[in-house]
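Enquirer: Have a look at the structure that comes next, please.
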Amino acid sequence: MSEQSNAPKRESFSGRNAFIFAAIGSAVGLGNIWRFPYITYENGGGAFMIPYLIALLTAGIPIVFLDYAIGHKFRGSAPLAYRRLNRRFEMFGWWQVIINTILATYYAVIIGWAASYTYFSLSSAWGKDPKGFLFGEYLKVAADPGVGLDFVAGIVLPLVGVWVLVTALLATGVQKGIGKASTILMPLLTVMFALLVVYSLFLPGATKGLNALFTPNWEKLADPTVWIAAYGQIFFSLSICMGIMVTYASYLKPKSDLSGTGLVVGFANSSFEILAGVGVFAALGFMAQNMGKEVSDVAANGLGLAFIAFPTIIDQLPFGNALIGLLFFGSLFFAGITSLISILETIIAAVQDKTHFPRAKATLVVCVPLSIVSVLMFGTTTGLPLLDVMDKFLNNFGIVGVAFISIACILFTGSLKTLSDHVNSVSSLKLGKGWQIVLTLTTIVLGYMLVSELWKVANEGYENYPTWFVATFGWGMLAV
Ligand code: PFF
């Protein structure tokens with residue numbers, strides 16, 4: 001009780017709907033729009049749906065329940081809630097807070113790009129050579145891109161704008177800031193994205209793109225990396241084992257149907273990303289047909305898909321490129337903002353529980369230094385390569401690592417019983433032995449993912465992760 005005695009009263013969402021919008025807002029993010037389509041494409045197309053759905057049902061949704069149960073029962077930020085579950089578990093919460101801290105510095109950058117690209121698509125500023133324009137100057141892949149006025153206006157200012165916007169929203173409070181923003185932005189995002197997908201489906205060549213995306217390559221199912229990719233996508237996309245869902249669930253009213261809500265959020269998130277896959281590949285099909293190429297020649301991966309392929313598509317559209325640019329990059333922007341809010345809230349809540357600072361102060365203490373680091377790191381000359389390394393490292397070791405250790409410890413110490421009793425006392429769908437079985441299975445898969453990544457690094461060297469990066473990160477982790 002002592003932790004609570006001088007703490008400000010805990011905030012909450014006004015009701016289940018506000019929570020659902022906020023949780024879907026957190027889940028539906030950059031990962032759904034730019035990550036899912038190319039991960040699916042690279043990992044067997046239609047056949048990828050099998051490991052993906054298995055990962056959703058056996059890992060994604062069961063862990064959403066777990067996160068909700070911890071946050072809702074123990075009503076605290078990740079470190080505090082884990083600590084109340086078991087004193088020795090507090091470090092899992094802090095590990096997640098650190099992951100969110102690192103993630104926020106570059107996640108904001110991509111949202112900043114989305115903001116400036118919304119503007120560029122209105123003005124078609126990239127001219128006829130999106131590749132040269134974007135990679136050379138804007139995304140800073142070129143060896144010496146130079147820091148010109150364009151760069152400040154196109155990258156630095158939007159990034160600062162993103163930070164100012166999210167800081168203001170977060171300082172306003174859980175319901176007034178996060179709840180309200182999500183309740184407005186999520187329906188808007190859904191409408192914008194639905195319009196975009198419908199429009200893409202009517203483009204000439206759309207079916208060519210859909211065939212490329214969904215034609216199954218069954219052999220891929222025998223490849224373990226495809227299964228790893230499916231689990232990785234589910235973790236990233238659902239924002240699970242990151243302390244995010246724990247934090248949001250701690251703001252949910254005591255009588256709330258946890259498992260029912262978890263199902264809604266899990267399926268909504270997957271529906272959104274499958275829709276994104278359809279929209280993105282229909283548009284790629286159009287581009288391939290227009291250029292007389294194959295879809296495989298034009299399907300860039302990762303950030304390239306959103307920031308190179310899409311501008312190219314937009315430039316080639318028969319009419320209304322401004323509208324489509326606005327819909328695509330505007331969607332990316334809104335989806336990103338509601339996710340960034342959740343990433344930052346996880347840190348702010350932890351700081352608040354530790355220091356009992358009022359919300360506005362805790363928000364500033366977190367957001368001001370982070371925004372400075374983010375702008376300095378990505379507003380200077382490092383850019384995309386650094387972002388790529390950080391993203392890989394964070395996903396393959398950070399999230400998978402904490403997920404593996406925390407779930408294994410919860411299972412091992414028998415804490416799951418406390419959590420299932422809690423979920424069952426408030427929810428319509430009851431959790432039983434099956435929950436424990438799928439979580440055990442997931443722990444094994446996570447352990448395998450971790451070992452295989454370590455194996456890869458040991459065998460292939462550090463080329464994916466520069467030595468200086470591993471050393472700094474490793475020491476940081478040890479220090480914690
Ligand atoms: N789930 C969101 C997305 O898919 O972009 C936000 C997010 C949360 C991304 C947690 C990554 C992550 F590790």
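Chain lettering (A, B, ...) mirrors the order of the structure tokens, residue numbering begins at 1 for each chain separately, and ligand numbering begins at 1 in order of display.
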With only C-alpha atoms as the counted atoms, please give the residues lying no more than 10 Å from Ala403 of chain A, apart from itself and same-chain residues fewer than 3 positions off, as a PyMOL selection string.

Expert: chain A and resi 63+92+96+235+240-242+397-400+406-409+442-443+446-447

Enquirer: Save the residues we just selected, C-alpha atoms, as a PDB file, in the first residue's frame?

Expert:
```pdb
ATOM      1  CA  ILE A  63      -0.549 -12.682 -24.381  1.00  0.00           C
ATOM      2  CA  PHE A  92      10.734  -7.033 -16.491  1.00  0.00           C
ATOM      3  CA  GLN A  96      10.025  -2.938 -21.202  1.00  0.00           C
ATOM      4  CA  PHE A 235       4.396  -9.326 -31.220  1.00  0.00           C
ATOM      5  CA  ILE A 240       2.414  -7.123 -26.577  1.00  0.00           C
ATOM      6  CA  CYS A 241       5.018  -7.888 -23.899  1.00  0.00           C
ATOM      7  CA  MET A 242       6.028  -4.253 -24.122  1.00  0.00           C
ATOM      8  CA  PHE A 397      16.562  -9.410 -28.795  1.00  0.00           C
ATOM      9  CA  GLY A 398      14.749  -6.789 -26.747  1.00  0.00           C
ATOM     10  CA  ILE A 399      11.110  -7.759 -27.208  1.00  0.00           C
ATOM     11  CA  VAL A 400      11.623 -11.486 -27.773  1.00  0.00           C
ATOM     12  CA  SER A 406       8.779 -12.841 -18.249  1.00  0.00           C
ATOM     13  CA  ILE A 407       6.314 -15.474 -19.485  1.00  0.00           C
ATOM     14  CA  ALA A 408       8.627 -18.321 -18.450  1.00  0.00           C
ATOM     15  CA  CYS A 409       8.899 -16.838 -14.935  1.00  0.00           C
ATOM     16  CA  THR A 442       4.737 -19.790 -26.939  1.00  0.00           C
ATOM     17  CA  THR A 443       7.570 -19.745 -24.419  1.00  0.00           C
ATOM     18  CA  LEU A 446      10.282 -17.592 -28.038  1.00  0.00           C
ATOM     19  CA  GLY A 447      13.265 -19.483 -26.624  1.00  0.00           C
TER      20      GLY A 447
END
```

Enquirer: Fewer than 3 positions away in the same chain doesn't count, so skip those; otherwise give me all residues within 10 Å of Gln175 of chain A, counting only C-alpha atoms, as an MDAnalysis selection string.

Expert: chainID A and resid 11:15 18:19 22 170 172 178:183 251

Enquirer: Select from chain A every residue with an atom at most 6 Å from any atom of ligand 1, then for each give the shortest pair of atoms and their distance in Å to one decimal, using only C-alpha atoms and all ligand atoms, rows by chain and rising number, as JSON lines.

Expert:
```
{"residue": "A:Ser26", "atom": "CA", "partner": "ligand 1", "partner_atom_place_in_ligand_line": "2 (C)", "distance": 5.6}
{"residue": "A:Ala27", "atom": "CA", "partner": "ligand 1", "partner_atom_place_in_ligand_line": "1 (N)", "distance": 3.8}
{"residue": "A:Val28", "atom": "CA", "partner": "ligand 1", "partner_atom_place_in_ligand_line": "4 (O)", "distance": 5.3}
{"residue": "A:Gly29", "atom": "CA", "partner": "ligand 1", "partner_atom_place_in_ligand_line": "5 (O)", "distance": 3.4}
{"residue": "A:Leu30", "atom": "CA", "partner": "ligand 1", "partner_atom_place_in_ligand_line": "5 (O)", "distance": 3.9}
{"residue": "A:Gly31", "atom": "CA", "partner": "ligand 1", "partner_atom_place_in_ligand_line": "4 (O)", "distance": 3.4}
{"residue": "A:Asn32", "atom": "CA", "partner": "ligand 1", "partner_atom_place_in_ligand_line": "4 (O)", "distance": 5.2}
{"residue": "A:Phe236", "atom": "CA", "partner": "ligand 1", "partner_atom_place_in_ligand_line": "12 (C)", "distance": 4.5}
{"residue": "A:Ser237", "atom": "CA", "partner": "ligand 1", "partner_atom_place_in_ligand_line": "4 (O)", "distance": 3.6}
{"residue": "A:Leu238", "atom": "CA", "partner": "ligand 1", "partner_atom_place_in_ligand_line": "1 (N)", "distance": 4.9}
{"residue": "A:Ser239", "atom": "CA", "partner": "ligand 1", "partner_atom_place_in_ligand_line": "8 (C)", "distance": 4.0}
{"residue": "A:Ser339", "atom": "CA", "partner": "ligand 1", "partner_atom_place_in_ligand_line": "6 (C)", "distance": 4.8}
```

Enquirer: Next, write the just-selected residues to a file, as a PDB file, in the first residue's frame, keeping all heavy atoms as the atom set.

Expert:
```pdb
ATOM      1  N   SER A  26      -3.142   1.799 -30.323  1.00  0.00           N
ATOM      2  CA  SER A  26      -1.771   1.414 -30.023  1.00  0.00           C
ATOM      3  C   SER A  26      -1.319   0.293 -30.960  1.00  0.00           C
ATOM      4  O   SER A  26      -0.222   0.322 -31.513  1.00  0.00           O
ATOM      5  CB  SER A  26      -1.674   0.929 -28.573  1.00  0.00           C
ATOM      6  OG  SER A  26      -0.458   0.264 -28.387  1.00  0.00           O
ATOM      7  N   ALA A  27      -2.185  -0.688 -31.126  1.00  0.00           N
ATOM      8  CA  ALA A  27      -1.806  -1.858 -31.938  1.00  0.00           C
ATOM      9  C   ALA A  27      -1.654  -1.491 -33.411  1.00  0.00           C
ATOM     10  O   ALA A  27      -0.661  -1.831 -34.055  1.00  0.00           O
ATOM     11  CB  ALA A  27      -2.851  -2.956 -31.766  1.00  0.00           C
ATOM     12  N   VAL A  28      -2.637  -0.777 -33.940  1.00  0.00           N
ATOM     13  CA  VAL A  28      -2.578  -0.429 -35.360  1.00  0.00           C
ATOM     14  C   VAL A  28      -1.597   0.729 -35.527  1.00  0.00           C
ATOM     15  O   VAL A  28      -1.859   1.850 -35.116  1.00  0.00           O
ATOM     16  CB  VAL A  28      -3.971  -0.031 -35.886  1.00  0.00           C
ATOM     17  CG1 VAL A  28      -3.875   0.484 -37.307  1.00  0.00           C
ATOM     18  CG2 VAL A  28      -4.906  -1.228 -35.827  1.00  0.00           C
ATOM     19  N   GLY A  29      -0.452   0.407 -36.092  1.00  0.00           N
ATOM     20  CA  GLY A  29       0.566   1.449 -36.223  1.00  0.00           C
ATOM     21  C   GLY A  29       1.362   1.253 -37.497  1.00  0.00           C
ATOM     22  O   GLY A  29       0.891   0.626 -38.459  1.00  0.00           O
ATOM     23  N   LEU A  30       2.567   1.764 -37.473  1.00  0.00           N
ATOM     24  CA  LEU A  30       3.422   1.650 -38.651  1.00  0.00           C
ATOM     25  C   LEU A  30       3.605   0.179 -39.029  1.00  0.00           C
ATOM     26  O   LEU A  30       3.714  -0.172 -40.196  1.00  0.00           O
ATOM     27  CB  LEU A  30       4.774   2.280 -38.360  1.00  0.00           C
ATOM     28  CG  LEU A  30       4.716   3.733 -37.885  1.00  0.00           C
ATOM     29  CD1 LEU A  30       6.097   4.232 -37.496  1.00  0.00           C
ATOM     30  CD2 LEU A  30       4.132   4.619 -38.968  1.00  0.00           C
ATOM     31  N   GLY A  31       3.639  -0.675 -37.996  1.00  0.00           N
ATOM     32  CA  GLY A  31       3.837  -2.111 -38.221  1.00  0.00           C
ATOM     33  C   GLY A  31       2.764  -2.712 -39.111  1.00  0.00           C
ATOM     34  O   GLY A  31       3.034  -3.633 -39.885  1.00  0.00           O
ATOM     35  N   ASN A  32       1.541  -2.221 -39.003  1.00  0.00           N
ATOM     36  CA  ASN A  32       0.460  -2.784 -39.815  1.00  0.00           C
ATOM     37  C   ASN A  32       0.543  -2.327 -41.256  1.00  0.00           C
ATOM     38  O   ASN A  32       0.244  -3.067 -42.168  1.00  0.00           O
ATOM     39  CB  ASN A  32      -0.906  -2.331 -39.290  1.00  0.00           C
ATOM     40  CG  ASN A  32      -1.138  -2.777 -37.879  1.00  0.00           C
ATOM     41  OD1 ASN A  32      -0.399  -2.427 -36.974  1.00  0.00           O
ATOM     42  ND2 ASN A  32      -2.147  -3.584 -37.693  1.00  0.00           N
ATOM     43  N   PHE A 236       5.095  -7.489 -32.609  1.00  0.00           N
ATOM     44  CA  PHE A 236       5.279  -6.088 -32.958  1.00  0.00           C
ATOM     45  C   PHE A 236       3.922  -5.414 -33.162  1.00  0.00           C
ATOM     46  O   PHE A 236       3.643  -4.351 -32.623  1.00  0.00           O
ATOM     47  CB  PHE A 236       6.099  -6.019 -34.246  1.00  0.00           C
ATOM     48  CG  PHE A 236       6.565  -4.645 -34.614  1.00  0.00           C
ATOM     49  CD1 PHE A 236       7.807  -4.190 -34.210  1.00  0.00           C
ATOM     50  CD2 PHE A 236       5.778  -3.808 -35.390  1.00  0.00           C
ATOM     51  CE1 PHE A 236       8.252  -2.925 -34.557  1.00  0.00           C
ATOM     52  CE2 PHE A 236       6.209  -2.550 -35.749  1.00  0.00           C
ATOM     53  CZ  PHE A 236       7.455  -2.106 -35.330  1.00  0.00           C
ATOM     54  N   SER A 237       3.107  -6.102 -33.950  1.00  0.00           N
ATOM     55  CA  SER A 237       1.870  -5.491 -34.380  1.00  0.00           C
ATOM     56  C   SER A 237       0.863  -5.324 -33.241  1.00  0.00           C
ATOM     57  O   SER A 237       0.121  -4.351 -33.195  1.00  0.00           O
ATOM     58  CB  SER A 237       1.307  -6.364 -35.496  1.00  0.00           C
ATOM     59  OG  SER A 237       0.033  -5.999 -35.801  1.00  0.00           O
ATOM     60  N   LEU A 238       0.829  -6.294 -32.328  1.00  0.00           N
ATOM     61  CA  LEU A 238      -0.153  -6.197 -31.244  1.00  0.00           C
ATOM     62  C   LEU A 238       0.358  -5.396 -30.045  1.00  0.00           C
ATOM     63  O   LEU A 238      -0.352  -5.233 -29.064  1.00  0.00           O
ATOM     64  CB  LEU A 238      -0.560  -7.597 -30.788  1.00  0.00           C
ATOM     65  CG  LEU A 238      -1.731  -8.242 -31.527  1.00  0.00           C
ATOM     66  CD1 LEU A 238      -1.953  -9.659 -31.031  1.00  0.00           C
ATOM     67  CD2 LEU A 238      -3.011  -7.436 -31.338  1.00  0.00           C
ATOM     68  N   SER A 239       1.582  -4.903 -30.104  1.00  0.00           N
ATOM     69  CA  SER A 239       2.206  -4.171 -28.983  1.00  0.00           C
ATOM     70  C   SER A 239       2.184  -5.009 -27.698  1.00  0.00           C
ATOM     71  O   SER A 239       1.867  -4.496 -26.625  1.00  0.00           O
ATOM     72  CB  SER A 239       1.512  -2.839 -28.666  1.00  0.00           C
ATOM     73  OG  SER A 239       1.153  -2.119 -29.786  1.00  0.00           O
ATOM     74  N   SER A 339      -0.027   5.142 -31.852  1.00  0.00           N
ATOM     75  CA  SER A 339       0.883   4.125 -31.300  1.00  0.00           C
ATOM     76  C   SER A 339       1.989   4.784 -30.493  1.00  0.00           C
ATOM     77  O   SER A 339       2.356   4.308 -29.419  1.00  0.00           O
ATOM     78  CB  SER A 339       1.504   3.289 -32.416  1.00  0.00           C
ATOM     79  OG  SER A 339       0.509   2.579 -33.094  1.00  0.00           O
TER      80      SER A 339
END
```

Enquirer: Compare A:Leu326, A:Gly25, A:Ile20, A:Val351 by their minimum atom-to-atom distance to Leu364 of chain A, counting only C-alpha atoms, and give me the closest one.

Expert: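 The closest residue to Leu364 of chain A is A:Val351.
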
Enquirer: Skipping near chain neighbours, those fewer than 2 positions away, what residues fall within 10 Å of Ser331 of chain A using only C-alpha atoms, listed as a ChimeraX atom specification?

Expert: /A:29-30,33,114-115,118,185-186,188-193,196,325-329,333-337

Enquirer: With only C-alpha atoms as the atoms that count, which of A:Gly414, A:Gly161, A:Gly401, A:Gly173 lies nearest to Glu453 of chain A?

Expert: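 Comparing A:Gly414, A:Gly161, A:Gly401, A:Gly173 against Glu453 of chain A, the winner is A:Gly401.
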
Enquirer: Between A:Leu411, A:Leu317, A:Ser77, A:Gly205, which residue has the minimum interatomic distance to Ile347 of chain A, considering only C-alpha atoms?

Expert: A:Ser77

Enquirer: Run DSSP on the backbone and tell me which residues of segment 204-336 of chain A come out as alpha helix (DSSP H); list them as number ranges by chain.

Expert: A: 206-214, 224-238, 244-249, 258-291, 295-298, 302-304, 310-316, 321-336

Enquirer: Go ahead and dump the residues you just picked, C-alpha atoms, as an mmCIF file, in the first residue's frame.

Expert:
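Output below, filename result31.cif:
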```cif
data_model
loop_
_atom_site.group_PDB
_atom_site.id
_atom_site.type_symbol
_atom_site.label_atom_id
_atom_site.label_comp_id
_atom_site.auth_asym_id
_atom_site.auth_seq_id
_atom_site.Cartn_x
_atom_site.Cartn_y
_atom_site.Cartn_z
ATOM 1 C CA ALA A 206 -4.536 -4.668 -58.974
ATOM 2 C CA THR A 207 -5.153 -8.408 -59.336
ATOM 3 C CA LYS A 208 -1.558 -8.881 -60.397
ATOM 4 C CA GLY A 209 -0.476 -7.427 -57.063
ATOM 5 C CA LEU A 210 -2.970 -9.499 -55.096
ATOM 6 C CA ASN A 211 -1.796 -12.666 -56.831
ATOM 7 C CA ALA A 212 1.774 -11.829 -55.902
ATOM 8 C CA LEU A 213 0.781 -11.287 -52.289
ATOM 9 C CA PHE A 214 -1.531 -14.216 -51.773
ATOM 10 C CA PRO A 224 11.645 -22.017 -39.490
ATOM 11 C CA THR A 225 12.478 -18.388 -40.293
ATOM 12 C CA VAL A 226 8.985 -18.014 -41.743
ATOM 13 C CA TRP A 227 7.472 -19.100 -38.438
ATOM 14 C CA ILE A 228 9.790 -16.756 -36.577
ATOM 15 C CA ALA A 229 8.685 -13.938 -38.863
ATOM 16 C CA ALA A 230 5.031 -14.720 -38.105
ATOM 17 C CA TYR A 231 5.551 -14.615 -34.344
ATOM 18 C CA GLY A 232 7.693 -11.479 -34.675
ATOM 19 C CA GLN A 233 4.985 -9.739 -36.671
ATOM 20 C CA ILE A 234 2.316 -10.637 -34.128
ATOM 21 C CA PHE A 235 4.396 -9.326 -31.220
ATOM 22 C CA PHE A 236 5.279 -6.088 -32.958
ATOM 23 C CA SER A 237 1.870 -5.491 -34.380
ATOM 24 C CA LEU A 238 -0.153 -6.197 -31.244
ATOM 25 C CA ILE A 244 2.013 -0.994 -23.243
ATOM 26 C CA MET A 245 -1.082 -3.129 -22.800
ATOM 27 C CA VAL A 246 -0.317 -3.552 -19.093
ATOM 28 C CA THR A 247 -0.330 0.225 -18.705
ATOM 29 C CA TYR A 248 -3.514 0.801 -20.698
ATOM 30 C CA ALA A 249 -5.357 -2.003 -18.884
ATOM 31 C CA LEU A 258 -10.994 -8.440 -20.247
ATOM 32 C CA SER A 259 -11.038 -11.484 -22.478
ATOM 33 C CA GLY A 260 -13.892 -10.183 -24.651
ATOM 34 C CA THR A 261 -12.055 -6.896 -25.115
ATOM 35 C CA GLY A 262 -8.801 -8.707 -25.909
ATOM 36 C CA LEU A 263 -10.509 -10.671 -28.672
ATOM 37 C CA VAL A 264 -11.937 -7.498 -30.208
ATOM 38 C CA VAL A 265 -8.543 -5.783 -30.176
ATOM 39 C CA GLY A 266 -6.654 -8.817 -31.521
ATOM 40 C CA PHE A 267 -8.983 -9.423 -34.441
ATOM 41 C CA ALA A 268 -9.402 -5.740 -35.266
ATOM 42 C CA ASN A 269 -5.648 -5.345 -35.478
ATOM 43 C CA SER A 270 -5.217 -8.327 -37.774
ATOM 44 C CA SER A 271 -8.132 -7.281 -39.967
ATOM 45 C CA PHE A 272 -6.500 -3.907 -40.353
ATOM 46 C CA GLU A 273 -3.186 -5.303 -41.411
ATOM 47 C CA ILE A 274 -4.648 -7.782 -43.864
ATOM 48 C CA LEU A 275 -6.565 -4.862 -45.362
ATOM 49 C CA ALA A 276 -3.294 -2.936 -45.540
ATOM 50 C CA GLY A 277 -1.666 -5.862 -47.357
ATOM 51 C CA VAL A 278 -4.474 -5.876 -49.918
ATOM 52 C CA GLY A 279 -4.299 -2.118 -50.470
ATOM 53 C CA VAL A 280 -0.528 -1.915 -50.711
ATOM 54 C CA PHE A 281 -0.162 -4.861 -53.084
ATOM 55 C CA ALA A 282 -3.054 -3.818 -55.300
ATOM 56 C CA ALA A 283 -1.220 -0.510 -55.731
ATOM 57 C CA LEU A 284 2.076 -2.291 -56.392
ATOM 58 C CA GLY A 285 0.334 -4.422 -59.040
ATOM 59 C CA PHE A 286 -0.774 -1.232 -60.745
ATOM 60 C CA MET A 287 2.750 0.145 -60.653
ATOM 61 C CA ALA A 288 4.280 -3.073 -62.003
ATOM 62 C CA GLN A 289 1.789 -3.198 -64.874
ATOM 63 C CA ASN A 290 2.336 0.449 -65.658
ATOM 64 C CA MET A 291 6.087 -0.008 -65.849
ATOM 65 C CA VAL A 295 5.547 -7.178 -58.924
ATOM 66 C CA SER A 296 8.689 -8.745 -57.472
ATOM 67 C CA ASP A 297 10.756 -6.074 -59.227
ATOM 68 C CA VAL A 298 8.882 -3.213 -57.662
ATOM 69 C CA GLY A 302 10.588 -2.189 -45.253
ATOM 70 C CA LEU A 303 10.573 1.544 -45.257
ATOM 71 C CA GLY A 304 11.280 1.529 -48.961
ATOM 72 C CA PHE A 310 4.280 4.693 -52.710
ATOM 73 C CA PRO A 311 5.541 8.042 -53.941
ATOM 74 C CA THR A 312 6.285 6.353 -57.261
ATOM 75 C CA ILE A 313 2.788 4.908 -57.406
ATOM 76 C CA ILE A 314 1.256 8.224 -56.462
ATOM 77 C CA ASP A 315 3.176 9.932 -59.254
ATOM 78 C CA GLN A 316 1.874 7.430 -61.789
ATOM 79 C CA ASN A 321 -2.439 11.886 -56.739
ATOM 80 C CA ALA A 322 -2.888 14.528 -54.082
ATOM 81 C CA LEU A 323 -5.881 12.722 -52.637
ATOM 82 C CA ILE A 324 -4.237 9.296 -52.589
ATOM 83 C CA GLY A 325 -1.054 10.689 -51.085
ATOM 84 C CA LEU A 326 -3.106 12.373 -48.431
ATOM 85 C CA LEU A 327 -4.992 9.161 -47.671
ATOM 86 C CA PHE A 328 -1.909 6.936 -47.568
ATOM 87 C CA PHE A 329 0.544 9.135 -45.709
ATOM 88 C CA GLY A 330 -2.225 10.673 -43.605
ATOM 89 C CA SER A 331 -3.215 7.146 -42.494
ATOM 90 C CA LEU A 332 0.376 6.318 -41.715
ATOM 91 C CA PHE A 333 0.607 9.520 -39.694
ATOM 92 C CA PHE A 334 -2.560 8.932 -37.634
ATOM 93 C CA ALA A 335 -1.781 5.245 -37.102
ATOM 94 C CA GLY A 336 1.705 6.203 -35.963
#
```

Enquirer: As an exercise, work out the distance from atom CA of Val162 of chain A to atom CA of Lys392 of chain A in Å and give it to one decimal place.

Expert: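 Computed distance, atom CA of Val162 of chain A to atom CA of Lys392 of chain A, equals 23.3 Å.
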
Enquirer: Using only C-alpha atoms, which residues sit within 12 Å of segment 78-82 of chain A once same-chain residues fewer than 3 positions away are excluded, as a VMD selection string?

Expert: chain A and resid 1 3 to 4 66 to 75 85 to 98 100 240 to 250 343 345 to 355 406 to 407 409 to 410 415 419

Enquirer: Pick the closest to Ala108 of chain A from A:Gly76, A:Pro158, A:Gly44, A:Pro216: which is it, counting only C-alpha atoms?

Expert: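 Among A:Gly76, A:Pro158, A:Gly44, A:Pro216, it is A:Pro158 that comes nearest to Ala108 of chain A.
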
Enquirer: Report the distance between atom CA of Leu56 of chain A and atom CA of Arg84 of chain A in Å, rounded to one decimal place.

Expert: 28.0 Å

Enquirer: List the spatial neighbours of segment 365-371 of chain A as an MDAnalysis selection string - criterion: any atom at most 8 Å away, only C-alpha atoms, same-chain residues fewer than 4 positions off excluded.

Expert: chainID A and resid 101 104:105 160 163 167 344 347:348 351 361 375
